[in-house]
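Colleague: Can you read through this structure? Questions will come right after.
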Amino acid sequence: MRAADSSNRYKVVIVGPSEAGKSVIANVIAEAAEAASEAYRPTAGVRILECESEVRSGSARVTVELWDVSGDTKYQKCWPAIKKDAVGAILVYNPEKQNHEQEIEQWFQWFPRTMNMSPNQVMVIQSLRRADVPRRMPLPAKLAAAGVAQPAAVPADDLVSARKFFSSFLETVRQSVMDKQRQEEEDVMKGG
């Protein structure tokens with residue numbers, strides 16, 4: 001799938017540390033589930049989910065491939081293929097877990113940064129398990145310094161809120177893709 005080949009099909013990678021809740025978020029966004037399962041099952045390599053989403057600007061329906069990437073770095077050799085043609089990245093971490101803030105900064109380096117994504121092509125989700133935790137914690141320093149937007153807090157008791165956050169994110173990704181295509185066309189017209 002090439003991002004430039006079809007203006008209504010987008011590939012988005014979902015990355016982050018192990019046990020952050022990436023698969024749960026992917027399932028909810030793709031409307032494959034409404035709640036988290038009781039048992040933790042680590043993702044082997046990558047899972048690909050496909051869904052359709054309404055994009056308000058332009059009233060278009062777009063098809064989204066969500067590439068739910070394992071948080072286990074033993075699959076690192078697969079990452080170049082996973083990254084290919086992705087136009088957006090969702091970083092998921094659980095700030096309640098020790099080391100997840102440092103790990104999400106590393107995942108930012110491994111994926112959006114090496115893919116030359118602009119800050120508006122990156123969404124951060126804080127996957128919260130406990131209801132008594134503050135609903136939004138500050139963005140890790142390296143992500144904030146890179147200009148990434150404040151995280152979306154998605155508590156376990158309101159997982160469907162991830163769909164609303166994703167819909168807004170998809171709007172900005174779509175605009176980034178259209179801007180990039182427009183710039184490429186202008187460069188061709190100028191002989192560049």
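Each chain in the structure tokens gets a letter, A, B, ..., in the order shown, and its residues are numbered from 1; ligands are numbered from 1 in order too.
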Near region 148-158 of chain A, within 6 Å and counting only C-alpha atoms, which residues show up once chain neighbours fewer than 4 positions away are dropped, as a PyMOL selection string?

Modeller: chain A and resi 119+124-129+135-136+139+143-144

Colleague: Taking only C-alpha atoms into account, which of A:Arg182, A:Arg163, A:Glu105, A:Val15 comes nearest Lys142 (chain A)?

Modeller: A:Glu105

Colleague: Using DSSP on the backbone coordinates, identify all residues within region 47-191 of chain A classified as strand (DSSP E or B); present the result as a PyMOL selection string.

Modeller: chain A and resi 47-55+60-69+88-93+122-128+152-155

Colleague: Would you mind listing what lies within 8 Å of Gly21 (chain A) as a PDB file with N, CA and C atoms, in the first residue's frame, with only C-alpha atoms counted and same-chain residues fewer than 6 positions away left out?

Modeller:
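Writing done, so here's result08.pdb:
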```pdb
ATOM      1  N   VAL A  92       1.648   4.463  22.527  1.00  0.00           N
ATOM      2  CA  VAL A  92       0.818   4.108  23.676  1.00  0.00           C
ATOM      3  C   VAL A  92       1.729   3.692  24.825  1.00  0.00           C
ATOM      4  N   TYR A  93       1.465   4.268  25.992  1.00  0.00           N
ATOM      5  CA  TYR A  93       2.196   3.851  27.181  1.00  0.00           C
ATOM      6  C   TYR A  93       1.302   4.009  28.395  1.00  0.00           C
ATOM      7  N   ASN A  94       1.692   3.338  29.466  1.00  0.00           N
ATOM      8  CA  ASN A  94       0.944   3.402  30.715  1.00  0.00           C
ATOM      9  C   ASN A  94       1.819   4.132  31.736  1.00  0.00           C
ATOM     10  N   SER A 127      -2.531   5.062  28.357  1.00  0.00           N
ATOM     11  CA  SER A 127      -3.483   3.999  28.654  1.00  0.00           C
ATOM     12  C   SER A 127      -3.493   3.788  30.168  1.00  0.00           C
TER      13      SER A 127
END
```

Colleague: I'd like the neighbourhood of Lys11 (chain A) as a ChimeraX atom specification, where a residue qualifies if any of its atoms comes within 12 Å (using only C-alpha atoms), though same-chain residues fewer than 3 positions away should be ignored.

Modeller: /A:1-4,6-8,14,48-52,62-68,82-90,121,170,173-174,177

Colleague: Which value, in Å to one decimal, gives the distance between CA of Glu103 (chain A) and CA of Ser176 (chain A)?

Modeller: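 Those two atoms sit 26.6 Å apart.
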
Colleague: Show me, as a list of chain:residue names, the residues that have an atom within 7 Å of Ser18 (chain A) when counting only C-alpha atoms, minus same-chain residues fewer than 2 positions from it.

Modeller: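 With the cut-off at 7 Å, the set is A:Gly16, A:Ala20, A:Gly71, A:Asp72.
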
Colleague: Per DSSP on the backbone, filter region 41-164 of chain A down to the residues in alpha helix (DSSP H) and report them as an MDAnalysis selection string.

Modeller: chainID A and resid 79:83 100:108 141:145 161:164

Colleague: What does the file look like for those residues with N, CA and C atoms, as a tab-separated table (two decimals), in the first residue's frame?

Modeller:
```
chain	number	residue	atom	x	y	z
A	79	TRP	N	10.90	-4.25	11.70
A	79	TRP	CA	10.47	-2.85	11.74
A	79	TRP	C	10.56	-2.11	10.42
A	80	PRO	N	11.59	-2.32	9.59
A	80	PRO	CA	11.60	-1.58	8.31
A	80	PRO	C	10.35	-1.87	7.46
A	81	ALA	N	9.92	-3.11	7.41
A	81	ALA	CA	8.71	-3.45	6.65
A	81	ALA	C	7.47	-2.86	7.30
A	82	ILE	N	7.44	-2.85	8.62
A	82	ILE	CA	6.30	-2.30	9.35
A	82	ILE	C	6.20	-0.80	9.11
A	83	LYS	N	7.31	-0.10	9.08
A	83	LYS	CA	7.34	1.35	8.91
A	83	LYS	C	6.96	1.80	7.49
A	100	HIS	N	7.92	3.24	31.82
A	100	HIS	CA	7.20	3.45	30.56
A	100	HIS	C	7.46	4.83	29.97
A	101	GLU	N	7.65	5.84	30.81
A	101	GLU	CA	7.94	7.18	30.26
A	101	GLU	C	9.25	7.18	29.49
A	102	GLN	N	10.28	6.55	30.07
A	102	GLN	CA	11.57	6.49	29.37
A	102	GLN	C	11.45	5.61	28.12
A	103	GLU	N	10.71	4.52	28.23
A	103	GLU	CA	10.56	3.62	27.09
A	103	GLU	C	9.79	4.28	25.94
A	104	ILE	N	8.78	5.07	26.24
A	104	ILE	CA	8.00	5.69	25.16
A	104	ILE	C	8.86	6.71	24.42
A	105	GLU	N	9.79	7.35	25.12
A	105	GLU	CA	10.72	8.25	24.44
A	105	GLU	C	11.59	7.47	23.47
A	106	GLN	N	11.99	6.25	23.85
A	106	GLN	CA	12.79	5.40	22.97
A	106	GLN	C	11.97	4.96	21.76
A	107	TRP	N	10.71	4.59	21.99
A	107	TRP	CA	9.84	4.19	20.87
A	107	TRP	C	9.62	5.37	19.91
A	108	PHE	N	9.57	6.57	20.45
A	108	PHE	CA	9.46	7.76	19.60
A	108	PHE	C	10.68	7.86	18.69
A	141	ALA	N	9.42	14.52	28.48
A	141	ALA	CA	10.18	15.69	28.05
A	141	ALA	C	10.66	15.65	26.60
A	142	LYS	N	11.20	14.53	26.15
A	142	LYS	CA	11.73	14.47	24.78
A	142	LYS	C	10.62	14.59	23.74
A	143	LEU	N	9.43	14.08	24.04
A	143	LEU	CA	8.31	14.21	23.11
A	143	LEU	C	7.82	15.65	23.08
A	144	ALA	N	7.75	16.27	24.26
A	144	ALA	CA	7.32	17.67	24.33
A	144	ALA	C	8.30	18.56	23.58
A	145	ALA	N	9.59	18.30	23.73
A	145	ALA	CA	10.62	19.09	23.05
A	145	ALA	C	10.53	18.94	21.53
A	161	SER	N	-13.42	6.29	24.33
A	161	SER	CA	-12.94	7.65	24.09
A	161	SER	C	-11.76	7.66	23.13
A	162	ALA	N	-11.06	6.53	23.02
A	162	ALA	CA	-9.93	6.43	22.08
A	162	ALA	C	-10.39	6.68	20.65
A	163	ARG	N	-11.62	6.31	20.32
A	163	ARG	CA	-12.14	6.52	18.96
A	163	ARG	C	-12.26	8.00	18.64
A	164	LYS	N	-12.73	8.78	19.61
A	164	LYS	CA	-12.86	10.23	19.40
A	164	LYS	C	-11.49	10.86	19.20
```

Colleague: Please provide the set of residues having any atom within 9 Å of region 75-77 of chain A, restricted to only C-alpha atoms, with same-chain residues fewer than 4 positions apart removed, written as a list in words.

Modeller: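 What passes the distance filter is Ala44, Gly45, Val46, Val69, Ser70, Gly71 and Ala81 of chain A.
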